[in-house]
file upload-v8.pdb (PDB, C-alpha atoms, pLDDT in the B column)
MODEL        1
ATOM      1  CA  MET R 257       0.961  41.562  -1.936  1.00 59.00           C
ATOM      2  CA  PRO R 258       0.845  43.989  -3.489  1.00 63.00           C
ATOM      3  CA  ASP R 259      -1.000  47.035  -2.413  1.00 72.00           C
ATOM      4  CA  ARG R 260       0.956  50.202  -1.894  1.00 77.00           C
ATOM      5  CA  ALA R 261       1.120  49.808   1.901  1.00 81.00           C
ATOM      6  CA  GLN R 262       2.425  46.242   1.655  1.00 81.00           C
ATOM      7  CA  PHE R 263       5.033  47.261  -0.890  1.00 85.00           C
ATOM      8  CA  GLU R 264       6.149  50.053   1.383  1.00 88.00           C
ATOM      9  CA  SER R 265       6.336  47.749   4.387  1.00 89.00           C
ATOM     10  CA  LEU R 266       8.372  45.241   2.349  1.00 91.00           C
ATOM     11  CA  ARG R 267      10.721  48.009   1.204  1.00 92.00           C
ATOM     12  CA  LEU R 268      11.265  49.181   4.792  1.00 92.00           C
ATOM     13  CA  GLU R 269      11.784  45.672   6.085  1.00 93.00           C
ATOM     14  CA  LEU R 270      14.372  44.915   3.406  1.00 94.00           C
ATOM     15  CA  LEU R 271      16.227  48.186   3.935  1.00 92.00           C
ATOM     16  CA  ARG R 272      16.171  47.730   7.693  1.00 91.00           C
ATOM     17  CA  GLY R 273      17.490  44.206   7.241  1.00 91.00           C
ATOM     18  CA  GLY R 274      20.462  45.551   5.299  1.00 91.00           C
ATOM     19  CA  THR R 275      19.475  44.535   1.741  1.00 93.00           C
ATOM     20  CA  ALA R 276      21.337  46.495  -0.925  1.00 92.00           C
ATOM     21  CA  ASN R 277      19.247  49.285  -2.496  1.00 91.00           C
ATOM     22  CA  LEU R 278      19.747  47.777  -5.932  1.00 92.00           C
ATOM     23  CA  TYR R 279      18.093  44.516  -4.908  1.00 94.00           C
ATOM     24  CA  VAL R 280      15.333  46.222  -2.927  1.00 95.00           C
ATOM     25  CA  GLU R 281      14.269  48.186  -5.994  1.00 94.00           C
ATOM     26  CA  ARG R 282      14.694  45.237  -8.354  1.00 94.00           C
ATOM     27  CA  THR R 283      12.663  42.932  -6.089  1.00 95.00           C
ATOM     28  CA  LEU R 284       9.805  45.409  -5.797  1.00 94.00           C
ATOM     29  CA  ARG R 285       9.707  46.142  -9.514  1.00 93.00           C
ATOM     30  CA  GLU R 286       9.791  42.488 -10.513  1.00 95.00           C
ATOM     31  CA  LEU R 287       7.152  41.587  -7.922  1.00 94.00           C
ATOM     32  CA  ALA R 288       4.858  44.285  -9.298  1.00 93.00           C
ATOM     33  CA  ASP R 289       5.281  42.881 -12.823  1.00 92.00           C
ATOM     34  CA  HIS R 290       4.708  39.346 -11.570  1.00 94.00           C
ATOM     35  CA  TYR R 291       1.561  40.410  -9.768  1.00 93.00           C
ATOM     36  CA  GLU R 292       0.269  42.022 -12.929  1.00 93.00           C
ATOM     37  CA  ASP R 293       0.915  38.816 -14.907  1.00 93.00           C
ATOM     38  CA  LEU R 294      -0.903  36.710 -12.313  1.00 94.00           C
ATOM     39  CA  GLU R 295      -3.849  39.073 -12.296  1.00 93.00           C
ATOM     40  CA  ARG R 296      -4.074  39.089 -16.091  1.00 93.00           C
ATOM     41  CA  ALA R 297      -3.952  35.275 -16.198  1.00 93.00           C
ATOM     42  CA  SER R 298      -6.820  35.014 -13.714  1.00 94.00           C
ATOM     43  CA  LEU R 299      -8.862  37.574 -15.613  1.00 94.00           C
ATOM     44  CA  ALA R 300      -8.260  35.646 -18.825  1.00 94.00           C
ATOM     45  CA  ALA R 301      -9.450  32.491 -17.048  1.00 92.00           C
ATOM     46  CA  GLY R 302     -12.755  34.212 -16.346  1.00 92.00           C
ATOM     47  CA  CYS R 303     -12.313  35.525 -12.801  1.00 91.00           C
ATOM     48  CA  THR R 304     -13.821  38.816 -11.733  1.00 93.00           C
ATOM     49  CA  SER R 305     -11.329  41.602 -11.056  1.00 91.00           C
ATOM     50  CA  GLU R 306     -11.753  41.128  -7.307  1.00 92.00           C
ATOM     51  CA  GLU R 307     -11.152  37.370  -7.545  1.00 94.00           C
ATOM     52  CA  ALA R 308      -8.193  37.921  -9.845  1.00 93.00           C
ATOM     53  CA  ALA R 309      -6.594  40.337  -7.378  1.00 92.00           C
ATOM     54  CA  GLN R 310      -7.218  37.968  -4.487  1.00 91.00           C
ATOM     55  CA  ARG R 311      -5.729  34.994  -6.353  1.00 92.00           C
ATOM     56  CA  ALA R 312      -2.737  36.996  -7.485  1.00 91.00           C
ATOM     57  CA  ARG R 313      -2.036  38.120  -3.915  1.00 89.00           C
ATOM     58  CA  ALA R 314      -2.276  34.544  -2.615  1.00 89.00           C
ATOM     59  CA  GLN R 315      -0.012  33.152  -5.345  1.00 90.00           C
ATOM     60  CA  LEU R 316       2.632  35.804  -4.909  1.00 90.00           C
ATOM     61  CA  GLY R 317       2.859  35.307  -1.129  1.00 88.00           C
ATOM     62  CA  SER R 318       2.853  37.691   1.785  1.00 87.00           C
ATOM     63  CA  ALA R 319       5.321  40.518   2.320  1.00 88.00           C
ATOM     64  CA  GLN R 320       6.656  38.657   5.381  1.00 89.00           C
ATOM     65  CA  GLN R 321       7.389  35.489   3.393  1.00 89.00           C
ATOM     66  CA  ILE R 322       9.136  37.431   0.663  1.00 92.00           C
ATOM     67  CA  ALA R 323      11.106  39.551   3.127  1.00 93.00           C
ATOM     68  CA  ALA R 324      12.225  36.418   4.997  1.00 93.00           C
ATOM     69  CA  ALA R 325      13.406  34.840   1.731  1.00 92.00           C
ATOM     70  CA  VAL R 326      15.378  37.952   0.742  1.00 94.00           C
ATOM     71  CA  LEU R 327      16.884  38.520   4.184  1.00 94.00           C
ATOM     72  CA  ALA R 328      18.014  34.892   4.383  1.00 92.00           C
ATOM     73  CA  ARG R 329      20.500  35.633   1.588  1.00 93.00           C
ATOM     74  CA  PRO R 330      23.617  37.416   2.829  1.00 91.00           C
ATOM     75  CA  GLU R 331      24.840  37.933  -0.732  1.00 91.00           C
ATOM     76  CA  LEU R 332      22.008  40.433  -1.325  1.00 93.00           C
ATOM     77  CA  LYS R 333      22.991  42.650   1.582  1.00 91.00           C
ATOM     78  CA  ARG R 334      24.825  45.989   1.420  1.00 87.00           C
ATOM     79  CA  TRP R 335      28.587  45.694   1.552  1.00 81.00           C
ATOM     80  CA  SER R 336      28.684  47.452   4.920  1.00 79.00           C
ATOM     81  CA  ARG R 337      26.525  44.625   6.311  1.00 78.00           C
ATOM     82  CA  ARG R 338      28.551  41.912   4.668  1.00 77.00           C
ATOM     83  CA  TRP R 339      31.906  43.241   5.864  1.00 77.00           C
ATOM     84  CA  PRO R 340      31.079  45.465   8.873  1.00 77.00           C
ATOM     85  CA  MET R 341      34.661  45.775  10.110  1.00 79.00           C
ATOM     86  CA  VAL R 342      35.924  46.942   6.720  1.00 79.00           C
ATOM     87  CA  ALA R 343      33.075  49.456   6.607  1.00 74.00           C
ATOM     88  CA  PHE R 344      33.900  50.670  10.110  1.00 76.00           C
ATOM     89  CA  TRP R 345      37.546  51.364   9.300  1.00 79.00           C
ATOM     90  CA  ALA R 346      36.748  52.908   5.919  1.00 77.00           C
ATOM     91  CA  ARG R 347      34.200  55.266   7.414  1.00 75.00           C
ATOM     92  CA  SER R 348      36.415  56.128  10.347  1.00 73.00           C
ATOM     93  CA  ALA R 349      39.299  56.925   8.038  1.00 75.00           C
ATOM     94  CA  ALA R 350      37.037  59.039   5.821  1.00 75.00           C
ATOM     95  CA  ALA R 351      35.605  60.905   8.798  1.00 71.00           C
ATOM     96  CA  LEU R 352      38.802  61.472  10.748  1.00 71.00           C
ATOM     97  CA  GLY R 353      41.299  61.698   7.906  1.00 72.00           C
ATOM     98  CA  PRO R 354      40.713  65.366   6.949  1.00 71.00           C
ATOM     99  CA  LEU R 355      40.821  66.492  10.585  1.00 68.00           C
ATOM    100  CA  PRO R 356      44.471  67.693  10.614  1.00 70.00           C
ATOM    101  CA  LEU R 357      44.029  69.710   7.401  1.00 72.00           C
ATOM    102  CA  PRO R 358      42.614  72.935   8.956  1.00 66.00           C
ATOM    103  CA  VAL R 359      45.187  72.695  11.753  1.00 67.00           C
ATOM    104  CA  LEU R 360      48.021  72.444   9.245  1.00 71.00           C
ATOM    105  CA  TYR R 361      46.514  75.322   7.279  1.00 68.00           C
ATOM    106  CA  VAL R 362      46.307  77.541  10.348  1.00 66.00           C
ATOM    107  CA  ALA R 363      49.818  76.634  11.488  1.00 66.00           C
ATOM    108  CA  GLY R 364      51.169  78.296   8.349  1.00 68.00           C
ATOM    109  CA  ARG R 365      49.271  81.598   8.929  1.00 67.00           C
ATOM    110  CA  SER R 366      49.886  84.273  11.425  1.00 64.00           C
ATOM    111  CA  ASP R 367      46.768  86.427  11.306  1.00 73.00           C
ATOM    112  CA  GLY R 368      44.057  85.994  13.930  1.00 73.00           C
ATOM    113  CA  ILE R 369      41.137  85.513  11.503  1.00 72.00           C
ATOM    114  CA  ALA R 370      42.807  82.536   9.899  1.00 73.00           C
ATOM    115  CA  ARG R 371      43.500  81.075  13.335  1.00 73.00           C
ATOM    116  CA  TRP R 372      39.896  81.532  14.419  1.00 78.00           C
ATOM    117  CA  GLY R 373      38.585  80.190  11.120  1.00 76.00           C
ATOM    118  CA  GLY R 374      40.850  77.203  11.366  1.00 75.00           C
ATOM    119  CA  ALA R 375      39.914  76.517  14.957  1.00 78.00           C
ATOM    120  CA  ILE R 376      36.196  76.664  14.179  1.00 81.00           C
ATOM    121  CA  GLY R 377      36.723  74.471  11.095  1.00 79.00           C
ATOM    122  CA  ALA R 378      38.637  71.922  13.147  1.00 78.00           C
ATOM    123  CA  ALA R 379      35.960  71.907  15.849  1.00 82.00           C
ATOM    124  CA  LEU R 380      33.208  71.425  13.268  1.00 84.00           C
ATOM    125  CA  LEU R 381      35.086  68.624  11.609  1.00 81.00           C
ATOM    126  CA  LEU R 382      35.676  66.914  14.920  1.00 81.00           C
ATOM    127  CA  VAL R 383      32.017  67.165  15.930  1.00 82.00           C
ATOM    128  CA  CYS R 384      30.814  65.964  12.503  1.00 81.00           C
ATOM    129  CA  SER R 385      33.251  63.074  12.592  1.00 79.00           C
ATOM    130  CA  LEU R 386      32.080  62.006  16.020  1.00 80.00           C
ATOM    131  CA  TYR R 387      28.437  62.293  14.978  1.00 76.00           C
ATOM    132  CA  SER R 388      28.937  60.253  11.842  1.00 76.00           C
ATOM    133  CA  ALA R 389      30.902  57.616  13.765  1.00 73.00           C
ATOM    134  CA  LEU R 390      28.129  57.360  16.374  1.00 74.00           C
ATOM    135  CA  ASP R 391      25.451  57.328  13.693  1.00 70.00           C
ATOM    136  CA  TRP R 392      27.209  54.537  11.886  1.00 69.00           C
ATOM    137  CA  MET R 393      27.689  52.515  15.088  1.00 67.00           C
ATOM    138  CA  ILE R 394      23.974  52.805  15.880  1.00 63.00           C
ATOM    139  CA  MET R 395      23.050  51.708  12.363  1.00 59.00           C
ATOM    140  CA  VAL R 396      25.338  48.704  12.367  1.00 55.00           C
ATOM    141  CA  LYS R 397      24.805  47.385  15.896  1.00 47.00           C
TER     142      LYS R 397
ATOM    143  CA  MET O  56      35.260   9.225   2.511  1.00 45.00           C
ATOM    144  CA  ALA O  57      31.493   9.734   2.230  1.00 47.00           C
ATOM    145  CA  GLN O  58      30.403  12.954   0.550  1.00 49.00           C
ATOM    146  CA  THR O  59      28.165  15.325   2.415  1.00 48.00           C
ATOM    147  CA  ASN O  60      25.159  16.882   0.729  1.00 46.00           C
ATOM    148  CA  PRO O  61      24.744  20.445   1.955  1.00 48.00           C
ATOM    149  CA  PRO O  62      22.775  21.699  -1.061  1.00 46.00           C
ATOM    150  CA  PHE O  63      20.306  18.776  -0.807  1.00 50.00           C
ATOM    151  CA  MET O  64      17.159  20.731  -0.004  1.00 59.00           C
ATOM    152  CA  THR O  65      18.365  24.299  -0.085  1.00 68.00           C
ATOM    153  CA  GLY O  66      19.730  23.882  -3.609  1.00 81.00           C
ATOM    154  CA  VAL O  67      16.488  22.623  -5.159  1.00 87.00           C
ATOM    155  CA  PRO O  68      15.063  26.008  -6.245  1.00 89.00           C
ATOM    156  CA  GLU O  69      18.481  26.966  -7.683  1.00 92.00           C
ATOM    157  CA  LEU O  70      18.696  23.659  -9.519  1.00 93.00           C
ATOM    158  CA  LEU O  71      15.237  24.061 -11.037  1.00 92.00           C
ATOM    159  CA  VAL O  72      15.782  27.686 -11.997  1.00 94.00           C
ATOM    160  CA  LEU O  73      19.114  26.929 -13.659  1.00 96.00           C
ATOM    161  CA  ARG O  74      17.609  23.938 -15.472  1.00 96.00           C
ATOM    162  CA  MET O  75      14.717  26.028 -16.828  1.00 95.00           C
ATOM    163  CA  LEU O  76      17.057  28.782 -17.957  1.00 96.00           C
ATOM    164  CA  ALA O  77      19.526  26.377 -19.547  1.00 95.00           C
ATOM    165  CA  ASP O  78      17.232  26.075 -22.574  1.00 92.00           C
ATOM    166  CA  ARG O  79      16.313  29.724 -23.029  1.00 94.00           C
ATOM    167  CA  GLU O  80      16.255  33.040 -21.214  1.00 96.00           C
ATOM    168  CA  MET O  81      13.102  33.809 -19.251  1.00 96.00           C
ATOM    169  CA  TYR O  82      11.665  36.283 -16.766  1.00 96.00           C
ATOM    170  CA  GLY O  83      10.444  35.423 -13.254  1.00 95.00           C
ATOM    171  CA  TYR O  84       6.806  34.695 -14.037  1.00 94.00           C
ATOM    172  CA  GLU O  85       7.771  32.473 -16.974  1.00 94.00           C
ATOM    173  CA  ILE O  86      10.227  30.517 -14.840  1.00 94.00           C
ATOM    174  CA  VAL O  87       7.600  29.756 -12.184  1.00 92.00           C
ATOM    175  CA  LYS O  88       5.138  28.617 -14.875  1.00 92.00           C
ATOM    176  CA  ALA O  89       7.801  26.440 -16.520  1.00 92.00           C
ATOM    177  CA  VAL O  90       8.749  24.780 -13.208  1.00 90.00           C
ATOM    178  CA  ARG O  91       5.096  23.992 -12.534  1.00 88.00           C
ATOM    179  CA  LEU O  92       4.668  22.549 -15.988  1.00 89.00           C
ATOM    180  CA  VAL O  93       7.745  20.320 -16.105  1.00 88.00           C
ATOM    181  CA  THR O  94       7.286  19.020 -12.567  1.00 85.00           C
ATOM    182  CA  ALA O  95       3.559  18.382 -13.171  1.00 82.00           C
ATOM    183  CA  GLU O  96       2.873  20.811 -10.315  1.00 77.00           C
ATOM    184  CA  ALA O  97       4.710  18.504  -7.883  1.00 77.00           C
ATOM    185  CA  ILE O  98       6.959  21.417  -7.008  1.00 73.00           C
ATOM    186  CA  GLY O  99       5.293  24.773  -6.618  1.00 65.00           C
ATOM    187  CA  LEU O 100       7.832  27.465  -5.940  1.00 64.00           C
ATOM    188  CA  GLY O 101       6.463  30.300  -3.831  1.00 70.00           C
ATOM    189  CA  GLU O 102       6.040  32.789  -6.630  1.00 89.00           C
ATOM    190  CA  GLY O 103       7.300  35.869  -4.827  1.00 90.00           C
ATOM    191  CA  VAL O 104      10.315  34.072  -3.401  1.00 90.00           C
ATOM    192  CA  ILE O 105      11.677  33.272  -6.859  1.00 93.00           C
ATOM    193  CA  TYR O 106      13.285  36.736  -6.989  1.00 96.00           C
ATOM    194  CA  PRO O 107      15.740  36.317  -4.115  1.00 95.00           C
ATOM    195  CA  VAL O 108      16.753  33.013  -5.734  1.00 94.00           C
ATOM    196  CA  LEU O 109      17.314  34.751  -9.080  1.00 96.00           C
ATOM    197  CA  HIS O 110      19.155  37.677  -7.515  1.00 96.00           C
ATOM    198  CA  GLY O 111      21.328  35.337  -5.460  1.00 95.00           C
ATOM    199  CA  LEU O 112      22.296  33.410  -8.585  1.00 96.00           C
ATOM    200  CA  GLU O 113      22.937  36.684 -10.373  1.00 96.00           C
ATOM    201  CA  GLU O 114      25.167  37.905  -7.541  1.00 94.00           C
ATOM    202  CA  SER O 115      27.188  34.687  -7.690  1.00 95.00           C
ATOM    203  CA  GLY O 116      27.655  35.125 -11.440  1.00 96.00           C
ATOM    204  CA  ALA O 117      25.493  32.150 -12.452  1.00 96.00           C
ATOM    205  CA  LEU O 118      22.876  34.328 -14.170  1.00 97.00           C
ATOM    206  CA  LYS O 119      22.991  37.472 -16.224  1.00 96.00           C
ATOM    207  CA  PRO O 120      19.967  39.793 -16.254  1.00 96.00           C
ATOM    208  CA  LYS O 121      18.941  41.686 -19.346  1.00 94.00           C
ATOM    209  CA  ARG O 122      16.223  44.317 -19.622  1.00 92.00           C
ATOM    210  CA  LYS O 123      13.924  43.828 -22.594  1.00 91.00           C
ATOM    211  CA  SER O 124      10.813  45.589 -23.714  1.00 89.00           C
ATOM    212  CA  VAL O 125       8.164  43.085 -24.835  1.00 84.00           C
ATOM    213  CA  ASN O 126       4.665  44.187 -25.908  1.00 82.00           C
ATOM    214  CA  GLY O 127       5.169  47.555 -24.278  1.00 84.00           C
ATOM    215  CA  ARG O 128       6.246  46.070 -20.948  1.00 86.00           C
ATOM    216  CA  GLU O 129       9.760  46.118 -19.671  1.00 87.00           C
ATOM    217  CA  ARG O 130      10.927  42.768 -18.348  1.00 92.00           C
ATOM    218  CA  VAL O 131      14.076  41.467 -16.730  1.00 95.00           C
ATOM    219  CA  TYR O 132      15.128  38.343 -18.589  1.00 96.00           C
ATOM    220  CA  TYR O 133      17.672  36.011 -17.015  1.00 97.00           C
ATOM    221  CA  ALA O 134      20.207  33.948 -18.951  1.00 97.00           C
ATOM    222  CA  VAL O 135      22.592  31.293 -17.657  1.00 97.00           C
ATOM    223  CA  THR O 136      26.294  32.119 -17.818  1.00 97.00           C
ATOM    224  CA  ALA O 137      29.128  29.624 -18.256  1.00 97.00           C
ATOM    225  CA  LYS O 138      29.551  29.644 -14.480  1.00 97.00           C
ATOM    226  CA  GLY O 139      25.825  28.940 -14.121  1.00 97.00           C
ATOM    227  CA  ARG O 140      26.104  25.930 -16.440  1.00 97.00           C
ATOM    228  CA  ARG O 141      28.901  24.528 -14.332  1.00 97.00           C
ATOM    229  CA  ARG O 142      26.812  25.087 -11.221  1.00 96.00           C
ATOM    230  CA  LEU O 143      23.845  23.375 -12.864  1.00 96.00           C
ATOM    231  CA  GLU O 144      26.009  20.387 -13.681  1.00 96.00           C
ATOM    232  CA  HIS O 145      27.274  20.224 -10.119  1.00 94.00           C
ATOM    233  CA  LEU O 146      23.802  20.558  -8.574  1.00 93.00           C
ATOM    234  CA  SER O 147      22.368  17.950 -10.989  1.00 94.00           C
ATOM    235  CA  ASP O 148      25.093  15.467 -10.054  1.00 93.00           C
ATOM    236  CA  GLU O 149      24.465  16.133  -6.372  1.00 90.00           C
ATOM    237  CA  TRP O 150      20.748  15.654  -6.797  1.00 90.00           C
ATOM    238  CA  LYS O 151      21.173  12.387  -8.755  1.00 91.00           C
ATOM    239  CA  ARG O 152      23.561  11.051  -6.151  1.00 91.00           C
ATOM    240  CA  VAL O 153      21.264  11.913  -3.242  1.00 87.00           C
ATOM    241  CA  SER O 154      18.004  10.867  -4.888  1.00 87.00           C
ATOM    242  CA  GLY O 155      19.662   7.634  -6.081  1.00 90.00           C
ATOM    243  CA  GLY O 156      20.659   6.880  -2.509  1.00 90.00           C
ATOM    244  CA  VAL O 157      17.169   7.616  -1.203  1.00 88.00           C
ATOM    245  CA  ASN O 158      15.534   5.500  -3.937  1.00 89.00           C
ATOM    246  CA  GLN O 159      17.866   2.661  -3.142  1.00 90.00           C
ATOM    247  CA  ALA O 160      16.988   2.892   0.545  1.00 90.00           C
ATOM    248  CA  LEU O 161      13.275   3.002  -0.219  1.00 89.00           C
ATOM    249  CA  GLY O 162      13.486   0.041  -2.589  1.00 84.00           C
ATOM    250  CA  GLU O 163      15.542  -2.161  -0.320  1.00 69.00           C
ATOM    251  CA  PRO O 164      13.489  -4.761   1.560  1.00 66.00           C
ATOM    252  CA  GLY O 165      13.408  -4.184   5.300  1.00 59.00           C
ATOM    253  CA  HIS O 166      14.146  -0.454   4.909  1.00 55.00           C
ATOM    254  CA  ALA O 167      10.980   0.764   3.161  1.00 48.00           C
TER     255      ALA O 167
ENDMDL
END
call {"tool": "encode", "arguments": {"input": "upload-v8.pdb", "output": "structure tokens"}}
result
Amino acid sequence: MPDRAQFESLRLELLRGGTANLYVERTLRELADHYEDLERASLAAGCTSEEAAQRARAQLGSAQQIAAAVLARPELKRWSRRWPMVAFWARSAAALGPLPLPVLYVAGRSDGIARWGGAIGAALLLVCSLYSALDWMIMVK
Amino acid sequence: MAQTNPPFMTGVPELLVLRMLADREMYGYEIVKAVRLVTAEAIGLGEGVIYPVLHGLEESGALKPKRKSVNGRERVYYAVTAKGRRRLEHLSDEWKRVSGGVNQALGEPGHA
């Protein structure tokens, strides 16, 4: 750590592992500051800039070590990873809840345009709900 | 009944971090330097892995982060909360109990 590519790979690994965005950003920012402090200390001790960067990288540890340490802590994960069943029901309710609304709207109208509009709206909502439910299931499993 | 010691090894970084922060608030780099200094480099925390420890303690309410600008650089300082002090006390007691037991075993003839 840390060149841009390693930072990016750490970010992806943490996000993929379910770490909350807040802690991903905080970890990266604080690591960058820490790296800068280590580099400055080595420069002050008389190292060349290349040596200082090398020492700072070694002292900070690899992206894999840091990612493993973060991912080992369930308390730093997104709530949907900490309580997947709660997240499933919340998302399902949010996705499927509004489904009857266009149907109820159309039921109160007699003209054809409103019926067609309502039917298309209901179909879209149904498809979107199914997509989001599938998307969520793929992400969680 | 004999007490178990689940935080024996896993609680050591937490214990050290809380102990360092009990005296004054610090940021990550300072904490690592302080741990090295007070333990005469016997315990070298992996420098990058200090942040999950800090964030875990923060999430449990033992630490409170505060952003501060010092010499033109923005830092996240950590301070121990009342809950953190209680946790420090608990971890210290655990550590003394366990290390006392180990010392006793090491000092006892026929067991060393």
call {"tool": "interface_residues", "arguments": {"input": "upload-v8.pdb", "of": "chain O", "to": "chain R", "cutoff": "6 Å", "atoms": "all atoms listed in the file", "output": "MDAnalysis selection string"}}
result
chainID O and resid 84 102:104 107
call {"tool": "atom_distance", "arguments": {"input": "upload-v8.pdb", "atom1": "atom CA of Ala308 of chain R", "atom2": "atom CA of Arg91 of chain O"}}
result
19.4 Å
call {"tool": "atom_distance", "arguments": {"input": "upload-v8.pdb", "atom1": "atom CA of Asp391 of chain R", "atom2": "atom CA of Trp339 of chain R"}}
result
17.4 Å
call {"tool": "residues_around", "arguments": {"input": "upload-v8.pdb", "residues": "Ala379 of chain R", "least_positions_apart": "3", "cutoff": "12 Å", "atoms": "all atoms listed in the file", "output": "list of chain:residue names"}}
result
R:Leu352, R:Leu355, R:Pro356, R:Leu357, R:Pro358, R:Val359, R:Trp372, R:Gly373, R:Gly374, R:Ala375, R:Ile376, R:Leu382, R:Val383, R:Cys384, R:Ser385, R:Leu386
call {"tool": "atom_distance", "arguments": {"input": "upload-v8.pdb", "atom1": "atom CA of Gly101 of chain O", "atom2": "atom CA of Arg337 of chain R"}}
result
26.7 Å
call {"tool": "residues_around", "arguments": {"input": "upload-v8.pdb", "residues": "Glu69 of chain O", "least_positions_apart": "5", "cutoff": "10 Å", "atoms": "all atoms listed in the file", "output": "list in words"}}
result
Pro62, Met64, Arg74, Met75, Ile105, Val108, Leu109, Gly111, Leu112, Ala117, Gly139, Arg142, Leu143 and Leu146 of chain O
call {"tool": "resolve_selection", "arguments": {"input": "upload-v8.pdb", "expression": "the PyMOL selection byres ((chain O and resi 131-137) around 8)", "output": "list of chain:residue names"}}
result
R:Glu286, O:Leu73, O:Leu76, O:Ala77, O:Arg79, O:Glu80, O:Met81, O:Tyr82, O:Gly83, O:Gly116, O:Ala117, O:Leu118, O:Lys119, O:Pro120, O:Lys121, O:Arg122, O:Lys123, O:Glu129, O:Arg130, O:Lys138, O:Gly139, O:Arg140, O:Arg141
call {"tool": "closest_residue", "arguments": {"input": "upload-v8.pdb", "among": "R:Ala378, R:Glu307, R:Arg338, R:Leu278", "to": "Pro354 of chain R", "atoms": "all atoms listed in the file"}}
result
R:Ala378
call {"tool": "closest_residue", "arguments": {"input": "upload-v8.pdb", "among": "R:Lys333, R:Arg347, R:Arg311, R:Arg371", "to": "Leu299 of chain R", "atoms": "only C-alpha atoms"}}
result
R:Arg311
call {"tool": "closest_residue", "arguments": {"input": "upload-v8.pdb", "among": "O:Val153, O:Ala160, O:Val87, O:Ala97", "to": "Val72 of chain O", "atoms": "only C-alpha atoms"}}
result
O:Val87
call {"tool": "axis_aligned_box", "arguments": {"input": "upload-v8.pdb", "around": "segment 336-343 of chain R", "padding_each_side": "8 Å", "output": "JSON"}}
result
{"center_x": 31.2, "center_y": 45.7, "center_z": 7.4, "size_x": 25.4, "size_y": 23.5, "size_z": 21.4}
call {"tool": "build_atoms", "arguments": {"input": "upload-v8.pdb", "residues": "segment 309-323 of chain R", "atoms": "N, CA and C atoms", "output": "mmCIF file, in the frame of the given file"}}
result
data_model
loop_
_atom_site.group_PDB
_atom_site.id
_atom_site.type_symbol
_atom_site.label_atom_id
_atom_site.label_comp_id
_atom_site.auth_asym_id
_atom_site.auth_seq_id
_atom_site.Cartn_x
_atom_site.Cartn_y
_atom_site.Cartn_z
ATOM 1 N N ALA R 309 -7.533 39.664 -8.292
ATOM 2 C CA ALA R 309 -6.594 40.337 -7.378
ATOM 3 C C ALA R 309 -6.314 39.463 -6.165
ATOM 4 N N GLN R 310 -7.362 38.826 -5.671
ATOM 5 C CA GLN R 310 -7.218 37.968 -4.487
ATOM 6 C C GLN R 310 -6.312 36.763 -4.797
ATOM 7 N N ARG R 311 -6.542 36.164 -5.966
ATOM 8 C CA ARG R 311 -5.729 34.994 -6.353
ATOM 9 C C ARG R 311 -4.276 35.394 -6.569
ATOM 10 N N ALA R 312 -4.106 36.536 -7.216
ATOM 11 C CA ALA R 312 -2.737 36.996 -7.485
ATOM 12 C C ALA R 312 -1.985 37.247 -6.182
ATOM 13 N N ARG R 313 -2.666 37.850 -5.219
ATOM 14 C CA ARG R 313 -2.036 38.120 -3.915
ATOM 15 C C ARG R 313 -1.637 36.820 -3.226
ATOM 16 N N ALA R 314 -2.550 35.830 -3.279
ATOM 17 C CA ALA R 314 -2.276 34.544 -2.615
ATOM 18 C C ALA R 314 -1.106 33.825 -3.286
ATOM 19 N N GLN R 315 -1.076 33.865 -4.618
ATOM 20 C CA GLN R 315 -0.012 33.152 -5.345
ATOM 21 C C GLN R 315 1.355 33.794 -5.134
ATOM 22 N N LEU R 316 1.354 35.099 -5.056
ATOM 23 C CA LEU R 316 2.632 35.804 -4.909
ATOM 24 C C LEU R 316 3.220 35.609 -3.513
ATOM 25 N N GLY R 317 2.380 35.494 -2.504
ATOM 26 C CA GLY R 317 2.859 35.307 -1.129
ATOM 27 C C GLY R 317 2.836 36.612 -0.360
ATOM 28 N N SER R 318 2.943 36.487 0.951
ATOM 29 C CA SER R 318 2.853 37.691 1.785
ATOM 30 C C SER R 318 4.189 38.445 1.801
ATOM 31 N N ALA R 319 4.103 39.694 2.214
ATOM 32 C CA ALA R 319 5.321 40.518 2.320
ATOM 33 C C ALA R 319 6.300 39.896 3.305
ATOM 34 N N GLN R 320 5.780 39.281 4.363
ATOM 35 C CA GLN R 320 6.656 38.657 5.381
ATOM 36 C C GLN R 320 7.425 37.478 4.786
ATOM 37 N N GLN R 321 6.717 36.651 4.004
ATOM 38 C CA GLN R 321 7.389 35.489 3.393
ATOM 39 C C GLN R 321 8.489 35.947 2.444
ATOM 40 N N ILE R 322 8.158 36.950 1.648
ATOM 41 C CA ILE R 322 9.136 37.431 0.663
ATOM 42 C C ILE R 322 10.324 38.086 1.370
ATOM 43 N N ALA R 323 10.019 38.892 2.385
ATOM 44 C CA ALA R 323 11.106 39.551 3.127
ATOM 45 C C ALA R 323 12.010 38.512 3.770
#
